[in-house]
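Student: I have a structure I would like to understand better, so I am pasting it below and will then ask my questions one at a time.
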2 protein chains.
Amino acid sequence: MMMNRAIINFDTSVLDMIHNHSLEILYDTGIRFYSEKAVDVFKNRGFRVQGQTVYFEEKEIDNALKTVPAEFTVKARNPQKNIRIGGGDCLMAPGYGPPFIIEATGEKRNATLEDVHKFCKLVQTSEYLDFNSAIVVQPDDVPTATAHLDLLLSTILLTDKPIMGSTSSEIAALDSLKLAEMIWGSTNEPVMISLVDSLSPLQYADESVESLMVYAAAGQPVIIHSACSLGTTGPITIAGSLIISNATTLAGISLSQLLNPGTPIVYGLGGSPTEMRTGGYVNASPEDAQHTAIATVLGRYYGIPCRSQGALTESFSLDYQAGMESAMMLTTAALSGADVSLHTCGIYGSMLAMSFEKFIADEDLCGALKKLMKPVEFSKDAFAMDLIKEVGASGNYLMEDHTAKRCRTEFFEPVLSCRSIHTQWQEMELREMDQKAGRILENRLSTYKKPDINPILEQDLLKYLNQRKGL
Amino acid sequence: MMMNRAIINFDTSVLDMIHNHSLEILYDTGIRFYSEKAVDVFKNRGFRVQGQTVYFEEKEIDNALKTVPAEFTVKARNPQKNIRIGGGDCLMAPGYGPPFIIEATGEKRNATLEDVHKFCKLVQTSEYLDFNSAIVVQPDDVPTATAHLDLLLSTILLTDKPIMGSTSSEIAALDSLKLAEMIWGSTNEPVMISLVDSLSPLQYADESVESLMVYAAAGQPVIIHSACSLGTTGPITIAGSLIISNATTLAGISLSQLLNPGTPIVYGLGGSPTEMRTGGYVNASPEDAQHTAIATVLGRYYGIPCRSQGALTESFSLDYQAGMESAMMLTTAALSGADVSLHTCGIYGSMLAMSFEKFIADEDLCGALKKLMKPVEFSKDAFAMDLIKEVGASGNYLMEDHTAKRCRTEFFEPVLSCRSIHTQWQEMELREMDQKAGRILENRLSTYKKPDINPILEQDLLKYLNQRKGL
């Protein structure tokens with residue numbers, strides 16, 4: 001009934017201005033699609049096209065927005081773990097895409113398929129993560145052409161939470177659908193969700209847009225996300241960045257609805273400063289948090305569920321900065337009403353690396369925020385008026401039944417974070433968070449249990465992988 | 001015009017319920033005042049009183065709420081540093097009250113007057129802190145009876161930002177007024193703000209309520225704050241805790257307005273779990289963040305500016321936990337619309353200790369949040385429509401005038417937090433945040449300049465201190 005989530009206080013007139021400016025860019029400047037197939041879809045529907053650039057009219061965008069659902073369910077292999085997107089929850093997935101692992105020592109190494117498996121086990125045993133990432137890390141010890149299948153199968157077999165489809169290429173998207181069909185049969189219901197990133201400014205790469213087309217045709221949900229590096233791939237201002245990213249995301253939404261009206265979409269946009277000395281993209285900044293806050297408002301304006309960034313940081317160790325930036329980013333997402341948050345666990349500086357220790361640390365943050373967002377109980381028993389009158393002024397509640405009955409369930413309890421007095425803390429054997437996280441990891445991985453699966457289905461899935469690998 | 005601040009989405013019916021339940025407790029159970037003077041005020045106004053317990057009727061609370069101003073200005077010695085409370089900004093002050101310092105090594109020691117001086121210099125040179133704390137630390141090397149004067153004079157002489165008055169006793173409050181009179185003359189305008197903490201459940205200690213009476217009589221603003229330790233000094237539930245704290249704060253507001261209708265008030269309430277193994281109060285928790293979010297809603301419901309907690313943590317080092325908890329707490333305060341935030345810089349575990357290094361680290365957080373809250377510029381120049389059209393799809397903005405003109409001012413830049421690629425980070429000389437913070441501290445303290453003051457006034461202030469010390 002009541003969420004502890006906030007509504008960013010934005011004038012509708014400003015949202016109208018952002019929308020109208022975006023329409024102006026869509027009409028005047030257009031969006032460039034590097035995929036001939038995508039351009040052909042627009043041509044066949046009578047859109048104005050010049051070379052690779054497609055121009056959009058207001059009514060075309062309006063039509064697209066009309067058919068996007070406000071909420072939808074993505075099925076999990078375990079139906080109890082289905083997720084409802086747009087229903088008020090902030091659904092969380094771990095890091096997405098990094099090729100590297102940062103070890104507790106600070107060293108960086110290439111990620112492997114075994115790391116993927118370990119992360120899948122952590123996702124499965126996580127109290128707070130709601131679904132898998134498609135590329136929790138990019139393993140370098142399997143053939144690139146079929147790595148998406150290794151990744152997909154890991155999430156399918158080692159977890160029973162919802163999965164993400166691959167968008168590395170049209171073939172990868174088709175493979176994702178094929179595996180899903182083996183599990184759920186031929187279905188129009190969402191059984192995975194996929195992330196399509198546009199290019200800034202105002203472009204779509206062929207691989208990602210052709211993946212979008214595959215998923216849209218199959219009625220499978222797509223997160224369409226656009227982000228500028230402020231001052232290089234977009235204007236240095238937030239206002240300018242919003243126009244570019246919103247226009248680009250709207251163009252992707254238009255394509256999805258042309259192919260299959262009603263395709264579920266999650267609206268996403270971000271944007272962060274360009275580090276002017278290096279040209280790099282700053283991965284956690286108040287400017288990016290501002291984008292998140294405004295993106296959630298625009299999502300509500302369009303009636304489309306919204307995606308935010310997660311526990312991002314520029315740090316490479318479990319220091320104050322890592323915690324501070326991760327929490328600022330994710331608290332903003334949670335409070336401003338994001339429906340889906342990627343990168344909520346494990347991600348380090350520049351989104352280039354995952355860390356097992358940070359994964360454990362970020363889970364405390366995710367758990368705290370899920371408690372923060374949980375509707376406060378305002379029942380008769382929770383108000384406890386009779387008890388308050390009975391205990392009166394200057395009494396104590398410790399020995400009361402009301403306290404005893406609730407004391408094991410009322411509060412959020414962090415796993416890694418420490419609640420000790422100073423003397424205990426000084427004497428702690430594992431005072432360093434990464435050491436303590438290492439112990440928790442060992443325990444989590446050693447008590448992990450593979451979720452049940454029909455053995456014939458498992459064999460079929462593995463057979464498909466081997467066939468595609470040419471084994 | 002437009003704030004990036006959020007409005008927590010609460011039904012008015014729930015707020016009415018909290019208010020009405022609070023009135024019921026005020027009427028049935030009453031509030032206990034350990035000060036005879038306070039009880040006499042209520043008696044003389046015809047309130048129902050039994051022993052130390054005062055009972056309140058609805059119309060008495062309503063009358064009080066009618067005269068509390070929605071916003072007000074607190075003067076600084078430097079008029080450019082006056083603060084407007086209730087005007088939309090989130091005003092920040094450093095830690096309040098700890099007797100200890102935690103060194104970068106993790107060692108704990110007693111705080112001294114020299115520490116007070118160093119913190120005052122940091123407040124004065126801080127880009128983000130808006131006013132002083134009354135007790136940034138409690139020095140143990142000065143006589144207790146006059147420590148409040150040492151603290152007050154430090155903030156008055158070493159900074160020209162607004163000060164807080166002392167509430168350690170009636171005498172301390174009178175001393176605070178006396179010093180203020182020497183600076184500003186006899187004035188009814190707010191020249192300081194003071195923190196009055198109630199006791200839970202449903203009580204006021206004599207020192208704090210008598211301080212409240214001194215300040216109210218002089219028209220000086222008071223932050224009235226109530227907080228339960230959930231499960232010991234209040235019910236284990238947030239709903240129950242809200243009733244107790246709201247009732248107690250309302251009683252304090254009533255007293256202030258009886259003595260001087262129109263006395264500016266900042267409304268505050270918090271509440272956090274009791275750590276059931278130790279009986280301690282957990283100083284950073286999603287439950288406390290929920291209290292902050294709801295307190296801001298109640299503040300708006302009553303039309304009174306609201307106070308929140310700050311960068312609280314249970315940690316004792318600059319680790320992930322310290323950053324994560326501090327940012328979760330302060331981001332919630334900032335986004336949910338708190339007007340005043342205490343403890344925003346320097347505070348460590350259990351609010352028992354300050355840290356110079358954490359002070360520097362927390363300033364990055366305060367700065368990032370101030371940027372996050374800053375209204376986004378939606379001007380013609382910021383939208384940069386012509387530029388977007390000119391650069392078009394697949395262009396770059398780096399060499400554009402629009403970028404060059406804004407690149408030094410557009411983004412928030414952290415001071416301590418690091419934005420480096422991994423190889424640079426690995427090679428950093430001062431990779432540990434506390435070491436780097438140490439360097440920044442040295443620099444801040446060595447370039448600090450004492451703000452101007454009339455030398456006669458300075459002598460008079462010091463003479464008063466010495467007199468009161470019997471020197």
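Identifiers for the structure tokens are assigned positionally: chains receive A, B, ... in sequence, residues are indexed from 1 per chain, and ligands are indexed from 1 in the order shown.
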Please determine the contact residues of chain A with respect to chain B at a cut-off of 6 Å, counting only C-alpha atoms, and supply them as a PyMOL selection string.
Tutor: chain A and resi 5-9+29+201-202+231-233+236-237+239-240+286+290+314+318-324+327-328+368+372+378+382-384+389+393-394+396-398+403+417+419
Student: Can you pull out every residue within 12 Å of Glu114 (chain A), counting only C-alpha atoms, but drop anything in the same chain fewer than 6 positions away, and send it as a PyMOL selection string?
Tutor: chain A and resi 101+120-121+136-142+150-151+154+158
Student: So that I have them on file, write out the residues from the current selection with all heavy atoms, as a tab-separated table (two decimals), in the first residue's frame.
Tutor:
```tsv
chain	number	residue	atom	x	y	z
A	101	ILE	N	38.57	-9.57	-13.27
A	101	ILE	CA	38.32	-9.76	-11.84
A	101	ILE	C	39.38	-8.95	-11.09
A	101	ILE	O	40.56	-8.99	-11.45
A	101	ILE	CB	38.47	-11.25	-11.43
A	101	ILE	CG1	37.47	-12.13	-12.18
A	101	ILE	CG2	38.35	-11.42	-9.92
A	101	ILE	CD1	36.06	-12.08	-11.67
A	120	CYS	N	27.26	-17.13	-10.42
A	120	CYS	CA	25.90	-17.69	-10.52
A	120	CYS	C	25.49	-18.31	-9.18
A	120	CYS	O	24.34	-18.18	-8.75
A	120	CYS	CB	25.83	-18.73	-11.63
A	120	CYS	SG	25.86	-18.00	-13.28
A	121	LYS	N	26.43	-19.00	-8.54
A	121	LYS	CA	26.11	-19.60	-7.23
A	121	LYS	C	25.80	-18.52	-6.20
A	121	LYS	O	24.92	-18.70	-5.34
A	121	LYS	CB	27.29	-20.47	-6.75
A	121	LYS	CG	27.46	-21.73	-7.61
A	121	LYS	CD	28.72	-22.50	-7.23
A	121	LYS	CE	28.89	-23.70	-8.18
A	121	LYS	NZ	30.13	-24.44	-7.89
A	136	VAL	N	27.78	-11.73	-16.34
A	136	VAL	CA	28.21	-11.29	-15.01
A	136	VAL	C	29.71	-10.95	-15.05
A	136	VAL	O	30.13	-10.00	-14.40
A	136	VAL	CB	27.81	-12.32	-13.94
A	136	VAL	CG1	28.60	-13.61	-14.06
A	136	VAL	CG2	27.94	-11.73	-12.54
A	137	VAL	N	30.47	-11.74	-15.80
A	137	VAL	CA	31.79	-11.34	-16.31
A	137	VAL	C	31.93	-11.97	-17.69
A	137	VAL	O	31.25	-12.95	-18.00
A	137	VAL	CB	32.99	-11.81	-15.44
A	137	VAL	CG1	33.18	-10.94	-14.23
A	137	VAL	CG2	32.86	-13.28	-15.07
A	138	GLN	N	32.83	-11.43	-18.49
A	138	GLN	CA	33.08	-11.96	-19.83
A	138	GLN	C	34.24	-12.93	-19.73
A	138	GLN	O	35.38	-12.51	-19.56
A	138	GLN	CB	33.42	-10.78	-20.75
A	138	GLN	CG	33.57	-11.14	-22.21
A	138	GLN	CD	32.25	-11.49	-22.88
A	138	GLN	OE1	31.31	-10.71	-22.85
A	138	GLN	NE2	32.16	-12.68	-23.45
A	139	PRO	N	33.99	-14.27	-19.80
A	139	PRO	CA	35.10	-15.23	-19.60
A	139	PRO	C	36.04	-15.25	-20.80
A	139	PRO	O	35.58	-15.20	-21.94
A	139	PRO	CB	34.36	-16.57	-19.47
A	139	PRO	CG	33.07	-16.39	-20.20
A	139	PRO	CD	32.71	-14.94	-20.08
A	140	ASP	N	37.35	-15.33	-20.55
A	140	ASP	CA	38.29	-15.33	-21.68
A	140	ASP	C	38.82	-16.73	-22.01
A	140	ASP	O	39.67	-16.86	-22.88
A	140	ASP	CB	39.44	-14.34	-21.42
A	140	ASP	CG	40.65	-15.00	-20.79
A	140	ASP	OD1	40.44	-15.91	-19.94
A	140	ASP	OD2	41.78	-14.63	-21.13
A	141	ASP	N	38.31	-17.75	-21.30
A	141	ASP	CA	38.83	-19.10	-21.54
A	141	ASP	C	37.85	-19.99	-22.31
A	141	ASP	O	37.95	-21.21	-22.27
A	141	ASP	CB	39.25	-19.76	-20.22
A	141	ASP	CG	38.09	-19.85	-19.22
A	141	ASP	OD1	37.05	-19.18	-19.45
A	141	ASP	OD2	38.22	-20.56	-18.22
A	142	VAL	N	36.87	-19.37	-22.95
A	142	VAL	CA	35.96	-20.13	-23.82
A	142	VAL	C	35.92	-19.40	-25.17
A	142	VAL	O	36.19	-18.20	-25.24
A	142	VAL	CB	34.53	-20.21	-23.22
A	142	VAL	CG1	34.53	-21.07	-21.96
A	142	VAL	CG2	33.96	-18.83	-22.93
A	150	ASP	N	27.74	-20.33	-23.09
A	150	ASP	CA	28.31	-20.73	-21.80
A	150	ASP	C	27.71	-19.89	-20.67
A	150	ASP	O	27.38	-20.40	-19.60
A	150	ASP	CB	29.83	-20.54	-21.82
A	150	ASP	CG	30.52	-21.53	-22.77
A	150	ASP	OD1	30.35	-22.74	-22.56
A	150	ASP	OD2	31.19	-21.07	-23.71
A	151	LEU	N	27.58	-18.59	-20.94
A	151	LEU	CA	27.02	-17.69	-19.94
A	151	LEU	C	25.56	-18.00	-19.66
A	151	LEU	O	25.13	-18.12	-18.50
A	151	LEU	CB	27.17	-16.23	-20.42
A	151	LEU	CG	28.58	-15.66	-20.32
A	151	LEU	CD1	28.79	-14.50	-21.28
A	151	LEU	CD2	28.84	-15.20	-18.88
A	154	SER	N	25.08	-21.26	-17.79
A	154	SER	CA	25.46	-21.13	-16.37
A	154	SER	C	24.31	-20.55	-15.56
A	154	SER	O	23.98	-21.05	-14.49
A	154	SER	CB	26.69	-20.22	-16.24
A	154	SER	OG	27.75	-20.69	-17.03
A	158	LEU	N	22.67	-23.17	-12.99
A	158	LEU	CA	23.16	-22.96	-11.62
A	158	LEU	C	22.22	-22.11	-10.77
A	158	LEU	O	22.42	-21.97	-9.57
A	158	LEU	CB	24.57	-22.35	-11.65
A	158	LEU	CG	25.64	-23.20	-12.33
A	158	LEU	CD1	26.97	-22.48	-12.37
A	158	LEU	CD2	25.78	-24.54	-11.63
```
Student: What residues in region 180-401 of chain A get the DSSP label helix (DSSP H, G or I)? Please answer as an MDAnalysis selection string.
Tutor: chainID A and resid 180:184 206:217 238:259 286:302 320:336 349:351 356:373 380:383 385:391 401
Student: Those same residues, written as a compact mmCIF listing (two decimals), in the first residue's frame with C-alpha atoms?
Tutor:
```txt
# COMPACT_ATOMS: atom_id res chain seq x y z
CA ALA A 180 14.28 -20.62 -23.59
CA GLU A 181 12.05 -22.61 -25.93
CA MET A 182 13.65 -25.83 -24.70
CA ILE A 183 12.68 -24.84 -21.14
CA TRP A 184 9.32 -23.13 -21.54
CA ASP A 206 23.99 -3.40 -35.72
CA GLU A 207 24.51 -6.21 -33.15
CA SER A 208 22.43 -4.58 -30.46
CA VAL A 209 19.59 -3.37 -32.66
CA GLU A 210 19.35 -6.73 -34.43
CA SER A 211 19.16 -8.42 -31.03
CA LEU A 212 16.39 -5.97 -30.13
CA MET A 213 14.55 -6.99 -33.29
CA VAL A 214 14.83 -10.70 -32.46
CA TYR A 215 13.50 -10.20 -28.93
CA ALA A 216 10.73 -7.82 -29.97
CA ALA A 217 9.51 -10.24 -32.64
CA ILE A 238 22.60 17.28 -18.29
CA ALA A 239 19.80 19.00 -20.20
CA GLY A 240 21.53 18.31 -23.53
CA SER A 241 22.44 14.76 -22.59
CA LEU A 242 18.83 14.04 -21.66
CA ILE A 243 17.62 15.12 -25.10
CA ILE A 244 20.08 12.87 -26.92
CA SER A 245 19.51 9.84 -24.70
CA ASN A 246 15.75 10.23 -24.56
CA ALA A 247 15.49 10.65 -28.33
CA THR A 248 17.66 7.58 -28.92
CA THR A 249 15.74 5.42 -26.44
CA LEU A 250 12.41 6.56 -27.94
CA ALA A 251 13.65 5.52 -31.40
CA GLY A 252 14.47 2.05 -30.06
CA ILE A 253 11.05 1.83 -28.44
CA SER A 254 9.47 2.80 -31.76
CA LEU A 255 11.29 -0.03 -33.56
CA SER A 256 10.24 -2.57 -30.92
CA GLN A 257 6.57 -1.62 -31.17
CA LEU A 258 6.59 -1.57 -34.98
CA LEU A 259 7.79 -5.16 -34.96
CA PRO A 286 26.19 13.02 -8.70
CA GLU A 287 25.55 13.89 -12.35
CA ASP A 288 24.85 10.22 -13.09
CA ALA A 289 22.63 10.07 -10.01
CA GLN A 290 20.76 13.12 -11.35
CA HIS A 291 20.24 11.25 -14.63
CA THR A 292 18.86 8.29 -12.67
CA ALA A 293 16.46 10.50 -10.75
CA ILE A 294 15.24 12.21 -13.92
CA ALA A 295 15.05 8.93 -15.85
CA THR A 296 12.63 7.56 -13.27
CA VAL A 297 10.46 10.65 -13.69
CA LEU A 298 10.53 10.28 -17.48
CA GLY A 299 9.68 6.58 -17.13
CA ARG A 300 6.58 7.51 -15.14
CA TYR A 301 5.79 10.31 -17.63
CA TYR A 302 5.77 7.72 -20.44
CA TYR A 320 35.13 4.37 1.93
CA GLN A 321 34.92 5.60 -1.64
CA ALA A 322 33.59 2.27 -2.92
CA GLY A 323 30.90 2.21 -0.25
CA MET A 324 30.06 5.88 -0.52
CA GLU A 325 29.70 5.99 -4.29
CA SER A 326 27.87 2.65 -4.50
CA ALA A 327 25.39 3.73 -1.83
CA MET A 328 24.84 7.21 -3.25
CA MET A 329 24.07 5.74 -6.68
CA LEU A 330 21.87 2.87 -5.50
CA THR A 331 20.05 4.84 -2.79
CA THR A 332 19.14 7.45 -5.39
CA ALA A 333 17.86 4.70 -7.71
CA ALA A 334 15.89 3.03 -4.94
CA LEU A 335 14.33 6.21 -3.54
CA SER A 336 13.53 7.77 -6.89
CA GLY A 349 36.07 1.02 -11.09
CA SER A 350 35.10 1.95 -14.63
CA MET A 351 32.72 -1.03 -14.84
CA PHE A 356 33.80 -11.34 -5.27
CA GLU A 357 34.48 -9.42 -2.08
CA LYS A 358 32.59 -6.35 -3.29
CA PHE A 359 29.72 -8.62 -4.31
CA ILE A 360 29.35 -9.65 -0.66
CA ALA A 361 29.72 -6.06 0.54
CA ASP A 362 27.15 -4.74 -1.95
CA GLU A 363 24.64 -7.34 -0.79
CA ASP A 364 24.52 -5.55 2.58
CA LEU A 365 23.69 -2.36 0.70
CA CYS A 366 21.02 -4.07 -1.42
CA GLY A 367 19.49 -5.61 1.68
CA ALA A 368 19.48 -2.33 3.57
CA LEU A 369 17.82 -0.55 0.65
CA LYS A 370 15.21 -3.28 0.24
CA LYS A 371 14.39 -2.79 3.92
CA LEU A 372 14.32 0.97 3.44
CA MET A 373 11.88 0.60 0.52
CA LYS A 380 -2.76 -1.92 15.21
CA ASP A 381 -0.14 -4.31 16.54
CA ALA A 382 2.68 -2.20 15.10
CA PHE A 383 1.34 1.04 16.62
CA MET A 385 -0.85 1.96 21.57
CA ASP A 386 -1.88 -0.12 24.60
CA LEU A 387 1.72 -1.05 25.24
CA ILE A 388 2.89 2.57 24.95
CA LYS A 389 0.29 3.60 27.52
CA GLU A 390 1.22 0.71 29.80
CA VAL A 391 4.98 1.34 29.70
CA ASP A 401 6.22 -9.70 24.77
```
Student: Looking at A:Thr105, A:Gln52, A:Ser176, A:Gln80, which one is nearest to Ala147 (chain A), with distances taken over only C-alpha atoms?
Tutor: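 Result for the nearest residue to Ala147 (chain A): A:Ser176.
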Student: Which residues are close to Tyr448 (chain A), i.e. within 12 Å by only C-alpha atoms, leaving aside same-chain residues fewer than 4 positions away? Reply as a list in words.
Tutor: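 The residues that qualify are His117, Lys118, Phe119, Cys120, Lys121, Leu122, Val123, Gln124, Thr125, Ser126, Leu158, Thr159, Leu441, Glu442, Asn443 and Arg444 of chain A.
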Student: Give me, as a list in words, all polymer residues having an atom no more than 8 Å from region 84-86 of chain A, counting only C-alpha atoms and skipping those fewer than 4 positions away in the same chain.
Tutor: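 Surrounding residues, per the criterion: Ala70, Glu71, Phe72, Thr73, Val74, Leu91, Ile304, Pro305, Cys306, Asp339 and Val340 of chain A.
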Student: Selected residues, N, CA and C atoms, written as a CSV table (one decimal), in the first residue's frame, please.
Tutor:
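To be explicit, this is the file written out as result.csv:
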```
chain,number,residue,atom,x,y,z
A,70,ALA,N,2.6,-1.1,-19.0
A,70,ALA,CA,3.1,-0.4,-17.8
A,70,ALA,C,3.8,-1.4,-16.8
A,71,GLU,N,3.4,-2.7,-16.9
A,71,GLU,CA,4.1,-3.7,-16.1
A,71,GLU,C,4.0,-5.0,-16.7
A,72,PHE,N,4.8,-5.9,-16.3
A,72,PHE,CA,4.8,-7.3,-16.9
A,72,PHE,C,5.6,-8.2,-16.0
A,73,THR,N,5.4,-9.5,-16.1
A,73,THR,CA,6.1,-10.5,-15.3
A,73,THR,C,7.1,-11.2,-16.2
A,74,VAL,N,8.3,-11.5,-15.7
A,74,VAL,CA,9.3,-12.3,-16.3
A,74,VAL,C,9.3,-13.6,-15.5
A,91,LEU,N,14.0,-4.2,-8.7
A,91,LEU,CA,14.5,-5.5,-8.9
A,91,LEU,C,16.0,-5.4,-9.2
A,304,ILE,N,6.2,3.8,-18.6
A,304,ILE,CA,7.1,2.6,-18.9
A,304,ILE,C,8.0,2.4,-17.7
A,305,PRO,N,8.1,1.1,-17.2
A,305,PRO,CA,9.1,0.8,-16.1
A,305,PRO,C,10.5,1.3,-16.5
A,306,CYS,N,11.2,1.6,-15.5
A,306,CYS,CA,12.5,2.4,-15.6
A,306,CYS,C,13.7,1.6,-15.0
A,339,ASP,N,12.6,0.7,-11.3
A,339,ASP,CA,12.0,-0.6,-11.3
A,339,ASP,C,13.0,-1.7,-11.4
A,340,VAL,N,14.1,-1.4,-12.1
A,340,VAL,CA,15.1,-2.4,-12.4
A,340,VAL,C,16.4,-1.8,-12.2
```
Student: Could you jot down the CA of Asp115 (chain B) to CA of Ser355 (chain B) separation for me, Å, one decimal place?
Tutor: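 We find that CA of Asp115 (chain B) and CA of Ser355 (chain B) lie 9.9 Å from each other.
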Student: What's around Met164 (chain A) at 9 Å? Count only C-alpha atoms, leave out sequence neighbours fewer than 4 positions away in its own chain, and write the answer as a compact mmCIF listing (two decimals) with C-alpha atoms, in the first residue's frame.
Tutor:
```txt
# COMPACT_ATOMS: atom_id res chain seq x y z
CA PHE A 131 17.59 -12.01 -11.41
CA ASN A 132 20.75 -12.91 -13.31
CA SER A 133 22.91 -10.74 -15.47
CA ALA A 134 23.57 -11.95 -19.04
CA ILE A 135 27.32 -11.35 -18.69
CA LEU A 152 23.35 -18.44 -20.56
CA THR A 155 22.58 -18.89 -15.32
CA SER A 176 18.90 -17.31 -26.23
CA VAL A 191 10.84 -15.69 -19.97
CA MET A 192 13.94 -13.49 -20.08
CA ILE A 193 14.85 -9.83 -20.30
CA SER A 194 17.66 -8.36 -22.38
CA LEU A 195 19.74 -5.22 -22.35
```
Student: Could you please write out, as number ranges by chain, every residue of region 263-461 of chain A that DSSP assigns to strand (DSSP E or B)?
Tutor: A: 265-275, 280-281, 306-308, 319, 340-341, 347, 353-354
Student: Selected residues, C-alpha atoms, written as a compact mmCIF listing (two decimals), in the first residue's frame, please.
Tutor:
```txt
# COMPACT_ATOMS: atom_id res chain seq x y z
CA ILE A 265 10.14 -2.31 -22.52
CA VAL A 266 12.20 -0.97 -19.64
CA TYR A 267 13.18 2.64 -20.21
CA GLY A 268 16.74 3.57 -19.30
CA LEU A 269 19.05 6.50 -19.57
CA GLY A 270 22.21 7.57 -17.83
CA GLY A 271 25.02 10.03 -18.31
CA SER A 272 28.18 10.92 -16.44
CA PRO A 273 31.08 13.35 -16.80
CA THR A 274 33.96 12.75 -19.13
CA GLU A 275 37.13 12.80 -17.05
CA GLY A 280 37.37 8.33 -19.59
CA TYR A 281 33.76 7.98 -18.44
CA CYS A 306 12.46 2.35 -15.63
CA ARG A 307 16.02 1.05 -15.26
CA SER A 308 18.74 2.69 -13.19
CA ASP A 319 37.32 1.47 0.88
CA VAL A 340 15.09 -2.44 -12.38
CA SER A 341 18.68 -1.91 -11.30
CA ILE A 347 31.22 -3.99 -9.77
CA ALA A 353 36.02 -5.46 -13.29
CA MET A 354 34.00 -7.57 -10.87
```
